[in-house]
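To keep things clear, I will list the structure first and then write my remarks on it.
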Protein chains: 2
Amino acid sequence: MPAGPLPPGAMIGILGGGQLGRMLAMAAARLGLRCHIYSDHPGPAFDVAAATTLGAFDDLDKIRAFARAVDVITYEFENVPVKAAEAAAAIRPVRPGAQALAVAQDRLAEKTFLTGLGIPVAPFAAVDGVADLSRALALFNAPAILKTRRLGYDGKGQTRVNPGDDLAAAFAAIGHAPAVLEKMLCFEMEVSVLVVRPAAGRADTARFYDIPRNEHREGILHKSHVPSGLPEPVVARAREIALQAADALAYTGVLAVEMFYGGEGAQTPIVVNEIAPRVHNSGHWTLDACAVSQFENHIRAVAGWPLGPTDRHSDAVMTNLIGTDYNAWPQLAAGCGASPPGSICLHLYGKHEARAGRKMGHVTVLKGRVLST
Amino acid sequence: MPAGPLPPGAMIGILGGGQLGRMLAMAAARLGLRCHIYSDHPGPAFDVAAATTLGAFDDLDKIRAFARAVDVITYEFENVPVKAAEAAAAIRPVRPGAQALAVAQDRLAEKTFLTGLGIPVAPFAAVDGVADLSRALALFNAPAILKTRRLGYDGKGQTRVNPGDDLAAAFAAIGHAPAVLEKMLCFEMEVSVLVVRPAAGRADTARFYDIPRNEHREGILHKSHVPSGLPEPVVARAREIALQAADALAYTGVLAVEMFYGGEGAQTPIVVNEIAPRVHNSGHWTLDACAVSQFENHIRAVAGWPLGPTDRHSDAVMTNLIGTDYNAWPQLAAGCGASPPGSICLHLYGKHEARAGRKMGHVTVLKGRVLST
C-alpha cells in the first residue's frame with residue numbers, strides 16, 4: 001500500500017468499461033489522475049480514458065499486464081471474476097478488494113455475510129432444485145422471488161413465485177441455476193445508503209451521502225429522490241448498517257447498500273435487499289447536487305486521498321433514460337419534460353444503440369434555490 | 001450547417017489541447033459527444049479525448065485531415081492561426097468562426113472593432129515604434145500600458161510606461177513588436193461577462209452566467225467571485241455590451257468579455273478591457289455552482305444544441321493554482337486552506353511540471369446552504 005495519496009498523474013486501473021467506469025474516469029480526470037480501462041468490449045469508458053486494454057476477464061496474463069501498467073485498481077461492476085481481482089491484487093492494490101466481490105457476486109454468500117453481522121434481510125433459503133424451492137415456499141407460505149445466486153442484475157435472473165405455482169417452470173425460468181428464494185416483503189420505500197470509506201491507514205472516517213428514495217420500473221432503477229423523507233432515526237440506523245458492512249469487508253471506496261423501509265414488522269423498519277461494491281446508479285444525482293460526487297469520492301478513496309465533502313447543495317431527482325427513453329434527448333436538452341420542474345442536468349453515456357432495458361443516460365433535476373447576481 | 005443538433009456519438013474537433021480543451025472534452029462526454037483534440041504538443045486534453053492529432057497549427061494539410069475526421073470544430077485558445085481556422089472551415093463548420101479569432105488576436109483590431117460598435121474601451125493608440133509611443137504617451141499624459149498587438153496573455157508581452165520613462169527600453173521590453181498603448185484606468189473592480197450564444201438558425205436566445213468579480217496577481221487571474229457586488233443596472237449594461245459584441249461577430253458559443261467597473265468617469269461606468277472568443281478562466285466556477293457549466297454550454301452551442309440553464313445554485317469563489325500553489329494539493333484535497341470556508345471542489349489539470357506562472361488547477365469553494373436529509 002502506498003505511504004500517501006497517489007499523486008496527480010498516477011494511473012488508476014478500472015476493471016469494466018461501462019457508464020460507471022466512464023463517470024469514474026471523468027471524476028479521476030478532474031483530480032489530475034489518469035485512467036486505464038480494462039474491458040472485454042469497447043465500452044462508454046473508452047472514450048474518456050488515457051489508456052485502454054481490450055481483454056477477456058479470465059485472461060489472467062492480460063489482467064496481470066494491465067495491473068503492472070497502473071498504480072492501483074478498482075472495478076465498476078461486481079461480476080469481475082474473483083480470480084481476476086486476485087491475480088491483479090498480487091501485483092497492485094485492488095480496492096475494494098476481492099472479498100467484497102466474492103460476497104456481492106453470490107446472493108447466498110451475501111445474505112449469509114449480512115445475517116452473520118446481525119443485519120436484517122428478508123427471509124431466504126438456498127435453492128438448488130425444485131425440491132428446495134417447494135420446501136422454502138411452503139415455509140414462507142407467501143409470494144416470493146426466486147433469484148439466481150450469480151450474475152443477476154436489473155431484474156435479470158429472477159422470477160416471482162406464488163404458492164401453488166408451477167415450480168418446475170419457475171426453476172426453468174432462471175435456467176436451473178443455483179438460486180435463492182426470498183420472501184417478498186411489503187415495504188413503504190426502497191432506499192439506498194451510499195457510504196464511502198477511505199483507504200486503510202488513513203485517519204479520516206467514512207462519510208455518507210444523503211439517502212435517496214428509489215423507484216424501480218420493471219426491475220430497473222427508474223428514479224432516485226433526495227431528500228427521501230426517511231425518518232431521522234431510521235437514517236441513522238440505515239447508515240450504521242451500511243458502515244457495519246463496509247467495516248466488515250475492510251472496504252475502500254463507495255459501497256451501496258439497498259434497503260427496504262417500513263411495511264410489515266415495525267420492529268425491523270429497515271431490511272437490507274442487496275449490496276453493490278461499487279458506485280451506484282442511485283448515487284448519480286451526486287454529480288450535480290454535491291460538491292464532490294460519489295465517483296470522485298470513490299476515486300479519492302481508491303487513490304488513498306482524503307475524502308471530499310458529501311454535503312448536498314440542492315434537492316434532486318435523478319431519472320434514468322432506459323431504452324427508448326433516450327429518444328427524448330433533444331427535448332431534455334432543451335429543458336422540456338423535466339419532472340419535477342427544475343434545472344435539468346443531462347448525462348448521456350455515448351452508447352450507440354438504445355436497446356430495451358439498456359441504460360443510455362440519466363437526467364438529474366436540481367430543485368431548490370436559484371441565485372443570481 | 002447541420003439541420004439540427006449533432007446527435008450523441010458525433011465528434012467535436014477541438015483546436016488546442018490545454019486545460020480548457022480538457023474541460024470542454026469532459027463536458028462533451030457528459031452529453032455523449034466525443035472529442036478529437038488537435039494540438040502541437042500532447043497536452044492535458046489528450047488524456048480525456050476519444051481521438052487526438054499531434055500537428056503544427058500551420059500544417060494546413062493536417063488541419064484539413066483533422067477537419068474531415070470530425071463533425072464540427074471549435075477552439076480553446078485565441079491564437080489559433082486564422083489560416084488554420086479558415087482551412088478547417090472550408091470543410092466543416094468552425095464555431096465560433098475565424099472572424100472572432102481575427103479580432104481577438106490583434107489588440108488593435110479588437111479595440112477598433114469595439115469602438116466601431118460604440119463600446120467604451122480605455123484610450124488607446126497604435127504603436128509601431130518609439131516615435132508613436134512618445135506621441136501617444138504625451139497625449140495621455142498619464143501612466144499607460146504598452147501591449148503587443150499579438151500573442152500576449154496572462155500579462156506576457158506587456159509593460160507599464162510612465163511619462164518620463166526610457167521609451168526605447170520600454171519598446172525593447174516587448175521585443176519591438178507592433179503594439180498598442182493603453183491609458184491605465186483607475187477602476188473599482190474587474191469583472192467579466194460570460195455570454196453564450198446559440199448556433200445560427202436556432203430559436204433560443206443568448207444566455208448569461210452571473211458576472212464574476214476578478215482579482216489578478218502578477219497579470220494572471222487569481223480569483224473570481226460570484227456574486228460580484230456589481231450594481232444591477234451595471235450588470236444589465238455589461239451584458240448588453242457583451243451581447244452586442246457577440247451579435248456583431250455572429251458568434252457561436254461562450255464569449256468572455258473582460259471589463260473594468262467604476263473609478264474615473266462615472267459617465268462610462270463600464271469599460272471593456274478585452275474579449276476572449278472561448279470559454280474563460282473566470283467561468284471555471286460554473287463547473288461546480290451551476291447545473292450546466294460554461295464548458296457544456298459552449299459544446300451545446302457548437303453542436304447546435306439548445307443551451308442549458310445558466311442559473312447559479314451556490315455562491316462561489318474560484319482560486320487558480322498557479323505554479324507552486326499546486327504543491328498544496330494534498331491540503332486542498334483534505335478540505336484545508338479553503339478561503340473562504342466552504343466545500344472545496346478541486347480541479348487539477350494533469351500537467352506534469354508546476355512551472356512558475358503555469359495554471360496547474362483551480363479550486364472552487366461553494367458557499368451558501370448545505371442541505372441534508
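Chain labels A, B, ... are given in the sequence in which chains occur in the C-alpha cells; within each chain residues are numbered consecutively from 1, and ligands are likewise numbered from 1 in the order shown.
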Inset, instruction - Could you please tell me, as a list in words, which residues of chain A have an atom within 6 Å of chain B when using only C-alpha atoms? - result: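 Only these qualify: Gly9, Arg30, Leu31, Gly32, Asp47, Val48, Ala49, Ala50, Asp210, Pro227, Ala291, Pro306, Arg312, His313, Ala334, Cys345, His347, Leu348, Tyr349, Gly350, Val370, Leu371 and Thr373 of chain A.
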Writing out the chosen residues with C-alpha atoms as a PDB file, in the first residue's frame:
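again-v9.pdb written:
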ATOM      1  CA  GLY A   9      -0.594  11.901 -12.979  1.00  0.00           C
ATOM      2  CA  ARG A  30     -10.933  16.202 -12.542  1.00  0.00           C
ATOM      3  CA  LEU A  31      -8.271  15.382  -9.943  1.00  0.00           C
ATOM      4  CA  GLY A  32      -5.462  15.147 -12.482  1.00  0.00           C
ATOM      5  CA  ASP A  47     -13.743   7.470 -24.982  1.00  0.00           C
ATOM      6  CA  VAL A  48     -12.583   9.321 -21.872  1.00  0.00           C
ATOM      7  CA  ALA A  49      -9.626   7.248 -20.695  1.00  0.00           C
ATOM      8  CA  ALA A  50      -5.905   7.844 -21.078  1.00  0.00           C
ATOM      9  CA  ASP A 210     -27.845  11.692   1.736  1.00  0.00           C
ATOM     10  CA  PRO A 227     -34.388  14.051   0.261  1.00  0.00           C
ATOM     11  CA  ALA A 291     -19.570  19.497  -4.386  1.00  0.00           C
ATOM     12  CA  PRO A 306      -8.677  12.214   1.851  1.00  0.00           C
ATOM     13  CA  ARG A 312     -25.816  18.198  -0.823  1.00  0.00           C
ATOM     14  CA  HIS A 313     -26.389  21.764  -2.004  1.00  0.00           C
ATOM     15  CA  ALA A 334     -33.995  21.879 -24.326  1.00  0.00           C
ATOM     16  CA  CYS A 345     -28.629  18.154 -15.902  1.00  0.00           C
ATOM     17  CA  HIS A 347     -25.961  12.881 -18.924  1.00  0.00           C
ATOM     18  CA  LEU A 348     -25.627  10.609 -21.942  1.00  0.00           C
ATOM     19  CA  TYR A 349     -23.268   7.660 -21.910  1.00  0.00           C
ATOM     20  CA  GLY A 350     -22.284   7.563 -25.562  1.00  0.00           C
ATOM     21  CA  VAL A 370     -31.601  29.589  -7.779  1.00  0.00           C
ATOM     22  CA  LEU A 371     -29.393  32.580  -7.096  1.00  0.00           C
ATOM     23  CA  THR A 373     -26.226  38.445  -9.031  1.00  0.00           C
TER      24      THR A 373
END
Inset, instruction - Mind checking which residues fall within 9 Å of Ile270 in chain B, counting only C-alpha atoms, ignoring those fewer than 3 positions away in the same chain, and posting them as an NGL selection string? - result: :B and (120-121 or 234 or 237-238 or 259-262 or 266-267)
Just write the chosen residues, N, CA, C and O atoms, as a CSV table (one decimal), in the first residue's frame.
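Saved the output as out-v8.csv:
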chain,number,residue,atom,x,y,z
B,120,PRO,N,-17.4,51.3,-25.0
B,120,PRO,CA,-16.2,52.1,-24.4
B,120,PRO,C,-15.1,51.2,-24.1
B,120,PRO,O,-15.2,50.1,-23.6
B,121,VAL,N,-13.9,51.7,-24.5
B,121,VAL,CA,-12.6,51.0,-24.1
B,121,VAL,C,-11.7,52.1,-23.6
B,121,VAL,O,-12.0,53.3,-23.7
B,234,VAL,N,-25.7,48.2,-13.8
B,234,VAL,CA,-24.4,48.0,-14.4
B,234,VAL,C,-24.3,46.6,-15.0
B,234,VAL,O,-23.8,46.4,-16.1
B,237,ARG,N,-26.1,46.7,-18.2
B,237,ARG,CA,-25.3,47.4,-19.3
B,237,ARG,C,-24.2,46.5,-19.7
B,237,ARG,O,-23.9,46.4,-20.9
B,238,ALA,N,-23.5,45.8,-18.8
B,238,ALA,CA,-22.4,45.0,-19.1
B,238,ALA,C,-22.8,43.8,-20.0
B,238,ALA,O,-22.2,43.5,-21.0
B,259,MET,N,-14.1,43.4,-18.3
B,259,MET,CA,-14.4,44.8,-18.2
B,259,MET,C,-13.9,45.4,-16.9
B,259,MET,O,-13.7,44.7,-15.9
B,260,PHE,N,-13.7,46.7,-16.9
B,260,PHE,CA,-13.4,47.4,-15.7
B,260,PHE,C,-14.7,48.2,-15.3
B,260,PHE,O,-15.4,48.8,-16.1
B,261,TYR,N,-14.9,48.3,-14.0
B,261,TYR,CA,-16.1,49.0,-13.5
B,261,TYR,C,-15.6,50.1,-12.5
B,261,TYR,O,-14.8,49.9,-11.7
B,262,GLY,N,-16.2,51.3,-12.7
B,262,GLY,CA,-16.1,52.3,-11.7
B,262,GLY,C,-14.8,53.1,-11.9
B,262,GLY,O,-14.1,53.0,-12.9
B,266,ALA,N,-17.7,58.6,-14.1
B,266,ALA,CA,-18.9,57.8,-13.8
B,266,ALA,C,-19.9,57.8,-15.0
B,266,ALA,O,-20.8,57.0,-15.1
B,267,GLN,N,-19.6,58.6,-16.0
B,267,GLN,CA,-20.4,58.6,-17.2
B,267,GLN,C,-20.2,57.4,-18.0
B,267,GLN,O,-21.1,57.0,-18.8
Inset, instruction - Write out as a VMD selection string all residues of range 73-247 of chain B that DSSP puts in strand (DSSP E) for this structure's backbone. - result: chain B and resid 73 to 75 124 to 127 144 to 148 158 to 161 179 to 183 189 to 197 207 to 208 213 to 217 220 to 226
Export, as a short mmCIF file (atom, residue, chain, number, x, y, z; two decimals), in the first residue's frame, the selected residues with N, CA and C atoms.
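Saved as again.cif:
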data_model
loop_
_atom_site.label_atom_id
_atom_site.label_comp_id
_atom_site.auth_asym_id
_atom_site.auth_seq_id
_atom_site.Cartn_x
_atom_site.Cartn_y
_atom_site.Cartn_z
N ILE B 73 -16.08 21.97 -35.49
CA ILE B 73 -14.79 22.34 -34.89
C ILE B 73 -14.94 23.56 -34.01
N THR B 74 -14.26 23.53 -32.86
CA THR B 74 -14.15 24.72 -32.05
C THR B 74 -12.69 24.87 -31.63
N TYR B 75 -12.38 25.90 -30.87
CA TYR B 75 -11.00 26.09 -30.42
C TYR B 75 -11.00 26.52 -28.98
N PHE B 124 -6.60 54.52 -26.35
CA PHE B 124 -5.51 53.68 -26.88
C PHE B 124 -4.93 54.33 -28.13
N ALA B 125 -3.74 53.87 -28.49
CA ALA B 125 -3.11 54.31 -29.73
C ALA B 125 -2.24 53.20 -30.27
N ALA B 126 -2.19 53.10 -31.59
CA ALA B 126 -1.30 52.12 -32.23
C ALA B 126 0.14 52.58 -32.06
N VAL B 127 1.03 51.64 -31.79
CA VAL B 127 2.45 51.95 -31.60
C VAL B 127 3.29 51.00 -32.45
N ALA B 144 0.54 54.37 -18.49
CA ALA B 144 -0.10 53.60 -19.56
C ALA B 144 0.52 52.21 -19.62
N ILE B 145 -0.10 51.35 -20.41
CA ILE B 145 0.45 50.00 -20.59
C ILE B 145 0.70 49.80 -22.08
N LEU B 146 1.91 49.36 -22.36
CA LEU B 146 2.27 49.05 -23.74
C LEU B 146 2.10 47.54 -23.92
N LYS B 147 1.27 47.16 -24.87
CA LYS B 147 0.98 45.74 -25.08
C LYS B 147 1.23 45.38 -26.53
N THR B 148 1.85 44.22 -26.76
CA THR B 148 2.00 43.76 -28.14
C THR B 148 0.61 43.55 -28.73
N GLN B 158 3.67 42.62 -22.28
CA GLN B 158 3.23 43.97 -21.94
C GLN B 158 4.14 44.57 -20.87
N THR B 159 4.16 45.89 -20.86
CA THR B 159 4.99 46.59 -19.88
C THR B 159 4.34 47.93 -19.55
N ARG B 160 4.54 48.38 -18.31
CA ARG B 160 3.98 49.67 -17.90
C ARG B 160 4.91 50.80 -18.34
N VAL B 161 4.32 51.88 -18.72
CA VAL B 161 5.10 53.04 -19.16
C VAL B 161 4.56 54.29 -18.47
N ALA B 179 2.46 47.24 -31.52
CA ALA B 179 1.86 47.29 -30.19
C ALA B 179 0.72 48.29 -30.12
N VAL B 180 0.11 48.31 -28.95
CA VAL B 180 -0.93 49.29 -28.64
C VAL B 180 -0.56 49.88 -27.28
N LEU B 181 -0.68 51.19 -27.17
CA LEU B 181 -0.53 51.81 -25.86
C LEU B 181 -1.92 52.10 -25.31
N GLU B 182 -2.15 51.62 -24.09
CA GLU B 182 -3.45 51.86 -23.46
C GLU B 182 -3.24 52.73 -22.23
N LYS B 183 -4.07 53.72 -22.08
CA LYS B 183 -4.05 54.53 -20.86
C LYS B 183 -4.50 53.66 -19.69
N MET B 189 -13.25 47.71 -9.85
CA MET B 189 -13.49 46.28 -9.93
C MET B 189 -13.25 45.78 -11.35
N GLU B 190 -12.62 44.62 -11.47
CA GLU B 190 -12.55 43.95 -12.77
C GLU B 190 -13.61 42.86 -12.78
N VAL B 191 -14.36 42.80 -13.84
CA VAL B 191 -15.40 41.77 -13.95
C VAL B 191 -15.31 41.17 -15.35
N SER B 192 -16.02 40.08 -15.56
CA SER B 192 -16.11 39.54 -16.92
C SER B 192 -17.52 39.05 -17.16
N VAL B 193 -17.96 39.28 -18.37
CA VAL B 193 -19.28 38.78 -18.77
C VAL B 193 -19.05 37.52 -19.59
N LEU B 194 -19.75 36.46 -19.22
CA LEU B 194 -19.72 35.21 -19.96
C LEU B 194 -21.06 35.05 -20.62
N VAL B 195 -21.07 35.29 -21.91
CA VAL B 195 -22.32 35.17 -22.66
C VAL B 195 -22.19 33.93 -23.54
N VAL B 196 -23.25 33.18 -23.65
CA VAL B 196 -23.24 32.03 -24.57
C VAL B 196 -24.35 32.24 -25.59
N ARG B 197 -23.94 32.13 -26.85
CA ARG B 197 -24.87 32.43 -27.95
C ARG B 197 -25.05 31.15 -28.75
N ARG B 207 -27.65 33.41 -23.55
CA ARG B 207 -27.80 33.38 -22.09
C ARG B 207 -26.52 33.89 -21.45
N PHE B 208 -26.68 34.32 -20.23
CA PHE B 208 -25.54 34.88 -19.48
C PHE B 208 -25.33 34.12 -18.18
N ARG B 213 -16.57 38.82 -10.24
CA ARG B 213 -15.57 39.85 -9.95
C ARG B 213 -14.22 39.14 -9.92
N ASN B 214 -13.27 39.69 -10.67
CA ASN B 214 -11.98 39.02 -10.84
C ASN B 214 -10.86 39.77 -10.12
N GLU B 215 -9.99 38.99 -9.51
CA GLU B 215 -8.76 39.54 -8.93
C GLU B 215 -7.59 38.97 -9.68
N HIS B 216 -6.66 39.83 -10.06
CA HIS B 216 -5.45 39.36 -10.73
C HIS B 216 -4.25 39.46 -9.80
N ARG B 217 -3.24 38.65 -10.10
CA ARG B 217 -1.98 38.68 -9.36
C ARG B 217 -0.89 38.53 -10.39
N ILE B 220 -2.03 37.65 -13.89
CA ILE B 220 -2.73 36.39 -14.12
C ILE B 220 -3.96 36.35 -13.21
N LEU B 221 -5.06 35.84 -13.75
CA LEU B 221 -6.26 35.74 -12.92
C LEU B 221 -5.94 34.93 -11.67
N HIS B 222 -6.32 35.47 -10.53
CA HIS B 222 -6.08 34.79 -9.25
C HIS B 222 -7.39 34.23 -8.69
N LYS B 223 -8.40 35.09 -8.60
CA LYS B 223 -9.68 34.65 -8.04
C LYS B 223 -10.84 35.24 -8.83
N SER B 224 -11.92 34.49 -8.89
CA SER B 224 -13.20 35.01 -9.39
C SER B 224 -14.26 34.76 -8.33
N HIS B 225 -15.05 35.79 -8.07
CA HIS B 225 -16.08 35.72 -7.03
C HIS B 225 -17.47 35.92 -7.65
N VAL B 226 -18.40 35.07 -7.30
CA VAL B 226 -19.82 35.35 -7.56
C VAL B 226 -20.57 35.22 -6.25
#
Inset, instruction - Determine, counting only C-alpha atoms, which protein, DNA and RNA residues have an atom within 9 Å of an atom of Phe171 in chain B; residues of the same chain fewer than 2 positions away are not included. Present the result as a ChimeraX atom specification. - result: /B:129-130,133,146,159,166-169,173-177,179
Take the residues from that selection and write them out as a compact mmCIF listing (two decimals), in the first residue's frame, keeping all heavy atoms.
# COMPACT_ATOMS: atom_id res chain seq x y z
N GLY B 129 6.54 52.10 -33.22
CA GLY B 129 7.93 52.49 -32.97
C GLY B 129 7.96 53.46 -31.81
O GLY B 129 6.91 53.83 -31.26
N VAL B 130 9.16 53.87 -31.44
CA VAL B 130 9.33 54.74 -30.28
C VAL B 130 8.65 56.10 -30.49
O VAL B 130 8.10 56.69 -29.55
CB VAL B 130 10.82 54.89 -29.94
CG1 VAL B 130 11.02 55.86 -28.78
CG2 VAL B 130 11.42 53.53 -29.59
N LEU B 133 5.09 55.81 -29.70
CA LEU B 133 4.95 55.62 -28.26
C LEU B 133 5.05 56.97 -27.55
O LEU B 133 4.24 57.30 -26.67
CB LEU B 133 6.04 54.65 -27.77
CG LEU B 133 6.11 54.37 -26.28
CD1 LEU B 133 4.77 53.91 -25.74
CD2 LEU B 133 7.17 53.28 -26.00
N LEU B 146 1.91 49.36 -22.36
CA LEU B 146 2.27 49.05 -23.74
C LEU B 146 2.10 47.54 -23.92
O LEU B 146 2.70 46.75 -23.19
CB LEU B 146 3.73 49.47 -23.98
CG LEU B 146 4.27 49.29 -25.40
CD1 LEU B 146 3.51 50.18 -26.39
CD2 LEU B 146 5.77 49.60 -25.44
N THR B 159 4.16 45.89 -20.86
CA THR B 159 4.99 46.59 -19.88
C THR B 159 4.34 47.93 -19.55
O THR B 159 3.67 48.53 -20.39
CB THR B 159 6.44 46.76 -20.41
OG1 THR B 159 7.26 47.27 -19.36
CG2 THR B 159 6.50 47.72 -21.59
N ASP B 166 12.20 55.74 -20.04
CA ASP B 166 13.03 55.46 -21.22
C ASP B 166 12.17 54.66 -22.21
O ASP B 166 11.94 53.47 -22.04
CB ASP B 166 14.26 54.66 -20.78
CG ASP B 166 15.15 54.27 -21.97
OD1 ASP B 166 14.70 54.40 -23.13
OD2 ASP B 166 16.28 53.84 -21.71
N LEU B 167 11.67 55.34 -23.21
CA LEU B 167 10.69 54.71 -24.10
C LEU B 167 11.33 53.69 -25.03
O LEU B 167 10.69 52.71 -25.42
CB LEU B 167 9.94 55.78 -24.90
CG LEU B 167 9.16 56.77 -24.02
CD1 LEU B 167 8.33 57.71 -24.89
CD2 LEU B 167 8.26 56.05 -23.02
N ALA B 168 12.59 53.89 -25.39
CA ALA B 168 13.28 52.90 -26.22
C ALA B 168 13.39 51.59 -25.45
O ALA B 168 13.19 50.50 -26.02
CB ALA B 168 14.66 53.42 -26.61
N ALA B 169 13.69 51.69 -24.15
CA ALA B 169 13.77 50.48 -23.33
C ALA B 169 12.41 49.80 -23.23
O ALA B 169 12.30 48.57 -23.29
CB ALA B 169 14.28 50.84 -21.93
N ALA B 173 11.43 46.15 -24.42
CA ALA B 173 10.92 45.16 -23.47
C ALA B 173 9.82 44.29 -24.08
O ALA B 173 9.60 43.15 -23.65
CB ALA B 173 10.40 45.85 -22.21
N ILE B 174 9.12 44.82 -25.06
CA ILE B 174 8.09 44.00 -25.72
C ILE B 174 8.60 43.50 -27.07
O ILE B 174 7.82 43.10 -27.94
CB ILE B 174 6.75 44.75 -25.86
CG1 ILE B 174 6.93 46.01 -26.72
CG2 ILE B 174 6.15 45.10 -24.50
CD1 ILE B 174 5.63 46.49 -27.33
N GLY B 175 9.91 43.54 -27.23
CA GLY B 175 10.52 42.92 -28.42
C GLY B 175 10.31 43.71 -29.70
O GLY B 175 10.32 43.14 -30.79
N HIS B 176 10.10 45.05 -29.59
CA HIS B 176 9.91 45.91 -30.76
C HIS B 176 8.74 45.44 -31.64
O HIS B 176 8.72 45.68 -32.84
CB HIS B 176 11.18 46.00 -31.62
CG HIS B 176 12.38 46.50 -30.87
ND1 HIS B 176 13.34 45.64 -30.35
CD2 HIS B 176 12.77 47.73 -30.50
CE1 HIS B 176 14.27 46.34 -29.71
NE2 HIS B 176 13.95 47.61 -29.78
N ALA B 177 7.80 44.77 -31.01
CA ALA B 177 6.68 44.24 -31.80
C ALA B 177 5.63 45.33 -32.00
O ALA B 177 5.50 46.24 -31.19
CB ALA B 177 6.05 43.06 -31.06
N ALA B 179 2.46 47.24 -31.52
CA ALA B 179 1.86 47.29 -30.19
C ALA B 179 0.72 48.29 -30.12
O ALA B 179 0.42 49.01 -31.09
CB ALA B 179 2.92 47.64 -29.16
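CA of Val254 in chain B sits 7.3 Å away from CA of Asn297 in chain B.
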Inset, instruction - For CA of Pro93 in chain B and CA of Gly118 in chain B, determine how far apart the two atoms are, in Å to one decimal place. - result: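 About the pair CA of Pro93 in chain B and CA of Gly118 in chain B: they are 29.6 Å apart.
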Legend entry - Residue neighbourhood Thr252 in chain B, 7 Å, only C-alpha atoms, exclusion window fewer than 6 positions, as a PyMOL selection string: chain B and resi 95-96+197-199+301-302
Suppose we keep N, CA and C atoms; can you now write the selection as a tab-separated table (two decimals), in the first residue's frame?
chain	number	residue	atom	x	y	z
B	95	ARG	N	-16.79	26.92	-35.12
B	95	ARG	CA	-17.61	27.76	-34.25
B	95	ARG	C	-16.90	28.02	-32.94
B	96	PRO	N	-16.74	29.24	-32.47
B	96	PRO	CA	-17.02	30.46	-33.21
B	96	PRO	C	-16.08	30.56	-34.41
B	197	ARG	N	-23.94	32.13	-26.85
B	197	ARG	CA	-24.87	32.43	-27.95
B	197	ARG	C	-25.05	31.15	-28.75
B	198	PRO	N	-26.29	30.78	-29.03
B	198	PRO	CA	-26.52	29.51	-29.73
B	198	PRO	C	-26.11	29.60	-31.20
B	199	ALA	N	-26.02	28.45	-31.84
B	199	ALA	CA	-25.66	28.41	-33.25
B	199	ALA	C	-26.71	29.14	-34.08
B	301	ALA	N	-23.65	24.85	-27.78
B	301	ALA	CA	-23.77	25.84	-28.86
B	301	ALA	C	-23.06	25.34	-30.12
B	302	VAL	N	-21.84	24.86	-29.93
B	302	VAL	CA	-21.03	24.41	-31.07
B	302	VAL	C	-21.69	23.24	-31.79
Inset, instruction - Enumerate as a PyMOL selection string all residues of range 102-225 of chain A assigned to alpha helix (DSSP H) by DSSP on the backbone, naming them with the chain letters and numbers the document uses. - result: chain A and resi 102-105+107-116+130-140+167-173
Inset, instruction - Would you mind listing what lies within 10 Å of Ala256 in chain A as a PyMOL selection string, with only C-alpha atoms counted and same-chain residues fewer than 4 positions away left out? - result: chain A and resi 192-196+242+246+274-283
Legend entry - Contacts of Ile119 in chain A at 12 Å (only C-alpha atoms; same-chain gap of 6+ positions) as a VMD selection string: chain A and resid 110 to 113 237 to 245 248 257 259 268 to 275
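Taking CA of Arg150 in chain A and CA of Ala84 in chain A as endpoints, the distance between them is 16.5 Å.
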Inset, instruction - Rank B:Gly21, B:Ala88, B:Gly13, B:Leu151 by their smallest atom-to-atom distance to Val70 in chain B, using only C-alpha atoms, and report the top residue only. - result: B:Gly13
